[in-house]
Each structure stands twice: as C-alpha cells, then as structure tokens.
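To be precise, the following lines are entry-v2.txt, and they hold compact mmCIF, C-alpha atoms.
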# COMPACT_ATOMS: atom_id res chain seq x y z
CA MET M 14 -52.25 85.56 -50.11
CA ARG M 15 -49.88 82.66 -50.64
CA ILE M 16 -49.55 80.29 -47.70
CA LEU M 17 -47.09 77.42 -47.33
CA LEU M 18 -48.66 74.50 -45.48
CA THR M 19 -46.90 71.54 -43.90
CA VAL M 20 -48.96 68.37 -44.24
CA ALA M 21 -48.48 64.89 -42.75
CA TYR M 22 -50.37 61.80 -43.83
CA ASP M 23 -50.65 58.05 -43.66
CA GLY M 24 -50.76 57.11 -47.33
CA THR M 25 -52.16 53.61 -46.82
CA ASN M 26 -55.70 54.38 -47.96
CA TYR M 27 -54.81 56.73 -50.83
CA PHE M 28 -53.86 56.42 -54.48
CA GLY M 29 -50.92 58.76 -53.97
CA TRP M 30 -50.83 62.52 -53.61
CA GLN M 31 -52.13 63.87 -56.91
CA ARG M 32 -55.79 64.46 -57.72
CA GLN M 33 -57.03 62.26 -60.56
CA LYS M 34 -59.06 63.40 -63.55
CA GLY M 35 -62.30 61.69 -64.50
CA ASP M 36 -63.72 59.29 -61.93
CA PRO M 37 -62.02 60.45 -58.74
CA VAL M 38 -60.17 57.96 -56.56
CA PRO M 39 -59.14 58.87 -53.01
CA THR M 40 -55.91 60.84 -53.05
CA VAL M 41 -54.34 63.05 -50.41
CA GLU M 42 -54.59 66.15 -52.60
CA GLN M 43 -58.28 65.43 -53.26
CA LYS M 44 -59.03 65.25 -49.52
CA LEU M 45 -57.09 68.47 -48.90
CA TYR M 46 -58.95 70.13 -51.76
CA GLU M 47 -62.30 69.06 -50.29
CA ALA M 48 -61.29 70.39 -46.85
CA CYS M 49 -60.28 73.76 -48.32
CA ASN M 50 -63.52 73.93 -50.28
CA SER M 51 -65.54 73.32 -47.11
CA LEU M 52 -63.52 75.84 -45.09
CA PHE M 53 -63.21 78.75 -47.51
CA ARG M 54 -66.20 78.30 -49.85
CA LYS M 55 -64.41 80.46 -52.42
CA ASP M 56 -61.78 80.11 -55.14
CA PHE M 57 -58.38 78.79 -54.10
CA GLU M 58 -55.42 76.97 -55.62
CA LEU M 59 -53.26 74.15 -54.23
CA ILE M 60 -49.75 73.27 -55.42
CA GLY M 61 -47.98 70.30 -53.82
CA ALA M 62 -44.21 70.02 -53.57
CA SER M 63 -43.90 66.26 -54.06
CA ARG M 64 -46.19 63.79 -55.84
CA THR M 65 -45.86 60.79 -53.55
CA ASP M 66 -47.05 57.42 -54.87
CA ARG M 67 -49.85 55.17 -53.72
CA GLY M 68 -49.23 53.92 -50.17
CA VAL M 69 -46.32 56.30 -49.48
CA HIS M 70 -46.46 58.38 -46.30
CA ALA M 71 -45.34 61.90 -45.39
CA LEU M 72 -44.44 63.87 -42.30
CA GLY M 73 -43.17 66.94 -44.15
CA GLN M 74 -45.12 67.38 -47.37
CA ARG M 75 -45.32 71.07 -48.34
CA VAL M 76 -48.26 72.64 -50.12
CA VAL M 77 -48.86 76.16 -51.38
CA LEU M 78 -52.36 77.49 -50.82
CA ASP M 79 -53.50 80.62 -52.68
CA VAL M 80 -56.63 82.02 -51.07
CA ASP M 81 -58.20 85.26 -49.86
CA THR M 82 -59.16 84.62 -46.22
CA ASN M 83 -59.54 86.45 -42.92
CA ILE M 84 -58.45 83.40 -40.94
CA PRO M 85 -55.10 84.14 -39.25
CA VAL M 86 -52.33 82.05 -40.77
CA GLU M 87 -51.35 80.47 -37.46
CA ARG M 88 -54.93 79.19 -37.04
CA LEU M 89 -55.28 77.71 -40.51
CA PRO M 90 -53.93 74.23 -39.66
CA ARG M 91 -56.45 73.74 -36.86
CA ALA M 92 -59.27 75.08 -39.05
CA LEU M 93 -58.35 72.75 -41.93
CA ASN M 94 -57.94 69.73 -39.67
CA SER M 95 -61.59 69.97 -38.63
CA PHE M 96 -62.48 69.07 -42.24
CA LEU M 97 -59.71 66.53 -42.92
CA PRO M 98 -59.85 62.76 -42.26
CA GLU M 99 -57.85 61.53 -39.30
CA ASP M 100 -55.04 60.14 -41.47
CA ILE M 101 -54.22 63.60 -42.94
CA VAL M 102 -53.06 66.49 -40.74
CA ALA M 103 -52.05 70.05 -41.51
CA SER M 104 -49.24 70.67 -39.01
CA GLY M 105 -48.02 74.15 -39.94
CA ALA M 106 -48.63 77.26 -42.03
CA GLU M 107 -46.60 80.34 -42.96
CA LEU M 108 -46.88 83.25 -45.35
CA VAL M 109 -44.60 83.22 -48.40
CA SER M 110 -44.06 85.59 -51.31
CA ASP M 111 -46.35 85.58 -54.34
CA THR M 112 -43.48 84.22 -56.47
CA PHE M 113 -42.67 81.29 -54.16
CA HIS M 114 -43.14 77.82 -55.71
CA PRO M 115 -43.06 74.68 -53.53
CA ARG M 116 -41.37 72.52 -56.19
CA TYR M 117 -39.08 74.91 -58.05
CA ASP M 118 -37.78 76.67 -54.92
CA CYS M 119 -36.96 73.38 -53.17
CA VAL M 120 -33.22 72.87 -52.60
CA LYS M 121 -33.35 69.36 -51.13
CA LYS M 122 -35.63 66.64 -49.77
CA THR M 123 -35.20 63.90 -47.19
CA TYR M 124 -36.89 60.52 -47.43
CA ARG M 125 -36.80 57.66 -44.92
CA TYR M 126 -37.22 54.00 -45.78
CA ARG M 127 -38.03 51.54 -42.96
CA ILE M 128 -37.41 47.79 -43.04
CA LEU M 129 -38.66 45.25 -40.50
CA ASN M 130 -35.90 42.64 -40.32
CA SER M 131 -37.18 39.77 -38.19
CA GLU M 132 -38.25 36.16 -38.42
CA TYR M 133 -41.93 37.02 -38.25
CA LYS M 134 -44.07 39.90 -39.43
CA ASN M 135 -45.32 42.47 -36.95
CA PRO M 136 -48.96 43.38 -37.65
CA MET M 137 -48.43 46.81 -36.08
CA GLU M 138 -45.70 47.55 -38.64
CA ARG M 139 -47.29 46.06 -41.76
CA LYS M 140 -48.36 49.47 -43.17
CA TYR M 141 -45.09 51.24 -42.43
CA THR M 142 -42.23 48.84 -43.21
CA GLU M 143 -40.89 46.47 -45.83
CA PHE M 144 -40.66 42.99 -44.29
CA VAL M 145 -37.42 41.02 -44.74
CA HIS M 146 -37.19 37.77 -42.77
CA ARG M 147 -33.59 36.83 -43.63
CA PRO M 148 -30.92 38.60 -41.54
CA LEU M 149 -29.53 41.75 -43.13
CA ASP M 150 -25.85 42.64 -42.91
CA VAL M 151 -26.26 46.31 -42.01
CA GLU M 152 -22.52 46.98 -42.11
CA LYS M 153 -22.43 45.92 -45.75
CA MET M 154 -25.44 48.14 -46.45
CA LYS M 155 -23.62 51.09 -44.88
CA GLU M 156 -20.52 50.36 -46.96
CA ALA M 157 -22.55 50.23 -50.18
CA SER M 158 -24.58 53.35 -49.38
CA VAL M 159 -21.50 55.59 -49.62
CA TYR M 160 -21.38 55.07 -53.38
CA PHE M 161 -24.70 56.86 -53.83
CA LYS M 162 -23.38 60.14 -52.43
CA GLY M 163 -22.52 62.83 -54.95
CA THR M 164 -23.82 63.68 -58.41
CA HIS M 165 -24.59 60.71 -60.66
CA ASP M 166 -26.79 59.68 -63.54
CA PHE M 167 -29.39 57.54 -61.76
CA LYS M 168 -30.97 56.16 -64.91
CA GLY M 169 -30.53 52.65 -63.50
CA PHE M 170 -32.41 53.62 -60.35
CA CYS M 171 -35.73 54.81 -61.71
CA SER M 172 -38.88 53.28 -63.13
CA SER M 173 -39.30 52.81 -66.87
CA GLN M 174 -42.27 55.20 -66.56
CA THR M 175 -39.95 58.08 -65.66
CA GLU M 176 -40.34 60.99 -68.08
CA VAL M 177 -37.73 63.68 -67.35
CA LYS M 178 -35.21 65.67 -69.36
CA SER M 179 -32.30 64.50 -67.21
CA THR M 180 -31.78 61.56 -64.87
CA VAL M 181 -28.81 63.23 -63.16
CA ARG M 182 -29.39 63.87 -59.46
CA THR M 183 -27.26 64.75 -56.44
CA ILE M 184 -27.40 62.80 -53.18
CA PHE M 185 -26.11 65.01 -50.37
CA ASP M 186 -26.34 62.44 -47.62
CA ILE M 187 -27.41 58.83 -47.06
CA ALA M 188 -27.42 56.90 -43.80
CA VAL M 189 -28.31 53.36 -42.77
CA GLU M 190 -29.28 52.88 -39.13
CA LYS M 191 -30.48 49.90 -37.10
CA ASN M 192 -32.59 50.04 -33.96
CA GLY M 193 -33.64 46.62 -32.74
CA ASN M 194 -35.20 44.81 -35.68
CA ILE M 195 -35.91 48.03 -37.61
CA VAL M 196 -33.44 49.16 -40.29
CA GLU M 197 -33.88 52.73 -41.52
CA ILE M 198 -32.39 54.32 -44.63
CA TYR M 199 -32.33 58.13 -44.79
CA VAL M 200 -31.65 59.73 -48.17
CA THR M 201 -31.28 63.49 -48.77
CA GLY M 202 -30.97 64.82 -52.31
CA ASP M 203 -31.74 67.73 -54.61
CA GLY M 204 -34.55 65.71 -56.17
CA PHE M 205 -35.58 62.15 -56.91
CA LEU M 206 -36.68 60.21 -59.97
CA TYR M 207 -39.80 58.04 -60.08
CA ASN M 208 -39.29 55.17 -57.57
CA MET M 209 -35.65 56.18 -57.09
CA VAL M 210 -35.59 55.96 -53.28
CA ARG M 211 -37.49 52.66 -53.31
CA ILE M 212 -35.00 51.20 -55.81
CA ILE M 213 -32.06 52.44 -53.72
CA ALA M 214 -33.66 50.79 -50.68
CA GLY M 215 -34.30 47.57 -52.59
CA THR M 216 -30.71 47.54 -53.82
CA LEU M 217 -29.34 48.02 -50.32
CA ILE M 218 -31.58 45.17 -49.15
CA TYR M 219 -29.93 42.98 -51.80
CA VAL M 220 -26.55 44.08 -50.45
CA GLY M 221 -27.65 43.18 -46.92
CA LEU M 222 -28.70 39.74 -48.20
CA SER M 223 -25.32 39.30 -49.96
CA LYS M 224 -26.95 39.27 -53.41
CA ILE M 225 -24.88 42.32 -54.40
CA LYS M 226 -21.37 43.10 -53.18
CA PRO M 227 -20.84 46.56 -51.65
CA GLU M 228 -17.75 47.17 -53.80
CA ASP M 229 -19.81 46.59 -56.98
CA MET M 230 -22.13 49.49 -56.25
CA GLY M 231 -20.04 52.10 -58.05
CA ASP M 232 -20.06 50.05 -61.26
CA ILE M 233 -23.79 49.37 -60.96
CA ILE M 234 -24.55 53.10 -60.68
CA ALA M 235 -22.21 53.93 -63.57
CA SER M 236 -23.74 51.24 -65.78
CA MET M 237 -27.16 53.01 -65.71
CA ASP M 238 -28.62 49.52 -66.15
CA ARG M 239 -31.84 48.99 -64.17
CA ALA M 240 -31.39 45.22 -64.38
CA ARG M 241 -28.21 45.39 -62.30
CA ALA M 242 -29.82 47.21 -59.38
CA GLY M 243 -32.06 45.57 -56.79
CA LYS M 244 -35.80 45.27 -56.62
CA THR M 245 -38.19 48.18 -56.16
CA ALA M 246 -39.01 48.03 -52.46
CA GLY M 247 -42.66 48.42 -51.47
CA PRO M 248 -44.29 51.83 -50.95
CA GLU M 249 -45.35 51.20 -47.34
CA GLY M 250 -41.81 51.65 -46.00
CA LEU M 251 -41.31 55.08 -47.56
CA THR M 252 -41.96 58.41 -45.84
CA LEU M 253 -41.29 61.93 -47.11
CA MET M 254 -39.66 63.45 -44.05
CA LYS M 255 -38.75 67.02 -44.95
CA ILE M 256 -38.54 69.49 -47.83
CA TYR M 257 -35.98 72.28 -47.56
CA TYR M 258 -36.13 75.80 -49.01
Show me this structure written as structure tokens.
Amino acid sequence: MRILLTVAYDGTNYFGWQRQKGDPVPTVEQKLYEACNSLFRKDFELIGASRTDRGVHALGQRVVLDVDTNIPVERLPRALNSFLPEDIVASGAELVSDTFHPRYDCVKKTYRYRILNSEYKNPMERKYTEFVHRPLDVEKMKEASVYFKGTHDFKGFCSSQTEVKSTVRTIFDIAVEKNGNIVEIYVTGDGFLYNMVRIIAGTLIYVGLSKIKPEDMGDIIASMDRARAGKTAGPEGLTLMKIYY
C-alpha cells in the first residue's frame, strides 16, 4: 500500500534530504531508509516531496512509503520513531492512492525563514536563525516583499547550479513578521528553485539594511540578474513548514 508520511527534522547534522550514492554521508532520507529497513525487513520504496539542502529544517516534509505491512497506518509514526534518531520524527501517516506522487501532486509549499536581529548572537538560536546585528527596517522589508507575489521569472533568484526547464514560479503569499528580535519571512508558492527562498530572504535583509530600495524590487525581479539581488542567506534559518495537496 502507498502511505503518505509527514516528517519533521532538525537538519543541522545532515547533508540535506537526499540519499547520496557511493560513500554515504548522513542525510535525512538515509536515516529514514535505515529506520524503515529495521522496521519492515522487506522491500519498500521512499519518495520525498522536497529535497531540502544541508542544514535546512522541516516541520512538514511529506514522504511516500510503498510497503506491504500489517502495521495499522495510524501506528506507523510511533513504530518508525523507535528506529529514528531524536532529531527526525515521523508525525503523521495516511493512506493515499497508488497513483499519488508527493512531488507532482503538490499544489503549493510554505517555507519560513527566521532572522535573529539583535546586537549579540543568541547561542540557543544559532542553529535556527540567520544572525543580523544591524537594525532591520521591517516596514521596508514588508513593502519590498509585495513585489514577489504573482507569477514571475525568478532566474535572478536561484543558484547557478539550478537545472530546470523553466525558472517561472508563482508566489501566492509572502509575509514579513517581527516578534521581539526575531524577524520571520513566510513564503508560499507553487514551487521553488534551488536556493530561491534563501535568496529572497537575503534580498529582503538587504532591503532592511537599506542596501536595496523597496521600490527597486520590481525592476530587480524583471532583470533576471542574480547580481542585482541580495546574498544567499544561510540554510540554518530555513524551515519547510507545509506541503499542500
């Protein structure tokens, strides 16, 4: 049967989601594969919805598991968790059709990017935020974020390693929120290019630091010039929040 798992993880200790060929390095998918192998001791297949990068976290990663098992679906998360390390947790499971695909059937995803904006670093936040010591103008960041909404060619907001047929994506919603010294950026879209959310976050940080004017954002997006956008913010601030079907 085909089971859709929800998986959360702290990506700090992993080389991203995807299993590596050759000499294995610790990845989230590798640990999940090992847990399934220990639990089922029979053939199975795993298909992840999103290939998060090294150091990126997730609360709502989705994974299809194809396996023949007598374990009730509602008990699978607890059974798997007994074989998983403490920084990876299966938090849900449901039956889906044999034709369901976690990537191709996805209609949108939400990512969150967290920034610690304070004079000094917080050791409790070092694995989960990008640190910016200069004050950020959050109102300017909000003003600039509006330009990302809609359908655009985001060629200027992806890594040079991106290999896709089209760099056109749709951003359904983007929000910038501040709570104390934490600034959070939420981005929901139909899909994202390699490093796209981290580059959007880095660009909005530049706006908050007055390195880029909010009113220039439309031209920067239209230019499709990576050099005009901001830096690629670090992976530790990024979390995959939810995948929608």
> Hey, can you check how far CA of Gln31 (chain M) sits from CA of Lys244 (chain M)?
Replying inline: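 Separation of CA of Gln31 (chain M) and CA of Lys244 (chain M): 24.8 Å.
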> Which is closest to Tyr207 (chain M) among M:Glu143, M:Asp186, M:Asp166, M:Glu176, if we use all atoms listed in the file?
Replying inline: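 Once distances to Tyr207 (chain M) are computed over all atoms listed in the file, the minimum belongs to M:Glu176.
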> Of the candidates M:Pro85, M:Gly73, M:Gly163, M:Gly202, which shows the shortest atom-to-atom distance to Ser104 (chain M), using all atoms listed in the file?
Replying inline: M:Gly73
> What lies within 6 Å of region 154-161 of chain M using only C-alpha atoms, ignoring chain neighbours under 5 positions off, as a VMD selection string?
Replying inline: chain M and resid 189 217 220 to 221 227 231
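Coordinates place CA of Met14 (chain M) at a distance of 21.7 Å from CA of Leu97 (chain M).
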>> I'd like the neighbourhood of Ser110 (chain M) as a list in words, where a residue qualifies if any of its atoms comes within 12 Å (using all atoms listed in the file), though same-chain residues fewer than 4 positions away should be ignored.
In response: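 Everything that qualifies: Met14, Arg15, Ile16, Leu17, Val77, Leu78, Asp79, His114, Pro115 and Asp118 of chain M.
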Now that the selection is made, can you save its residues with C-alpha atoms as a PDB file, in the coordinates of the input?
ATOM      1  CA  MET M  14     -52.250  85.560 -50.110  1.00  0.00           C
ATOM      2  CA  ARG M  15     -49.880  82.660 -50.640  1.00  0.00           C
ATOM      3  CA  ILE M  16     -49.550  80.290 -47.700  1.00  0.00           C
ATOM      4  CA  LEU M  17     -47.090  77.420 -47.330  1.00  0.00           C
ATOM      5  CA  VAL M  77     -48.860  76.160 -51.380  1.00  0.00           C
ATOM      6  CA  LEU M  78     -52.360  77.490 -50.820  1.00  0.00           C
ATOM      7  CA  ASP M  79     -53.500  80.620 -52.680  1.00  0.00           C
ATOM      8  CA  HIS M 114     -43.140  77.820 -55.710  1.00  0.00           C
ATOM      9  CA  PRO M 115     -43.060  74.680 -53.530  1.00  0.00           C
ATOM     10  CA  ASP M 118     -37.780  76.670 -54.920  1.00  0.00           C
TER      11      ASP M 118
END
> What is the CA of Lys122 (chain M)-CA of Ser63 (chain M) distance in Å, reported with one decimal?
Replying inline: 9.3 Å
Do you know which residues are at most 12 Å from Trp30 (chain M) counting only C-alpha atoms, after dropping those on the same chain fewer than 2 positions away, and could you put them as a compact mmCIF listing (two decimals) with C-alpha atoms, in the coordinates of the input?
# COMPACT_ATOMS: atom_id res chain seq x y z
CA VAL M 20 -48.96 68.37 -44.24
CA ALA M 21 -48.48 64.89 -42.75
CA TYR M 22 -50.37 61.80 -43.83
CA ASP M 23 -50.65 58.05 -43.66
CA GLY M 24 -50.76 57.11 -47.33
CA THR M 25 -52.16 53.61 -46.82
CA ASN M 26 -55.70 54.38 -47.96
CA TYR M 27 -54.81 56.73 -50.83
CA PHE M 28 -53.86 56.42 -54.48
CA ARG M 32 -55.79 64.46 -57.72
CA GLN M 33 -57.03 62.26 -60.56
CA VAL M 38 -60.17 57.96 -56.56
CA PRO M 39 -59.14 58.87 -53.01
CA THR M 40 -55.91 60.84 -53.05
CA VAL M 41 -54.34 63.05 -50.41
CA GLU M 42 -54.59 66.15 -52.60
CA GLN M 43 -58.28 65.43 -53.26
CA LYS M 44 -59.03 65.25 -49.52
CA LEU M 45 -57.09 68.47 -48.90
CA TYR M 46 -58.95 70.13 -51.76
CA LEU M 59 -53.26 74.15 -54.23
CA ILE M 60 -49.75 73.27 -55.42
CA GLY M 61 -47.98 70.30 -53.82
CA ALA M 62 -44.21 70.02 -53.57
CA SER M 63 -43.90 66.26 -54.06
CA ARG M 64 -46.19 63.79 -55.84
CA THR M 65 -45.86 60.79 -53.55
CA ASP M 66 -47.05 57.42 -54.87
CA ARG M 67 -49.85 55.17 -53.72
CA GLY M 68 -49.23 53.92 -50.17
CA VAL M 69 -46.32 56.30 -49.48
CA HIS M 70 -46.46 58.38 -46.30
CA ALA M 71 -45.34 61.90 -45.39
CA GLN M 74 -45.12 67.38 -47.37
CA ARG M 75 -45.32 71.07 -48.34
CA VAL M 76 -48.26 72.64 -50.12
CA ILE M 101 -54.22 63.60 -42.94
CA LEU M 253 -41.29 61.93 -47.11
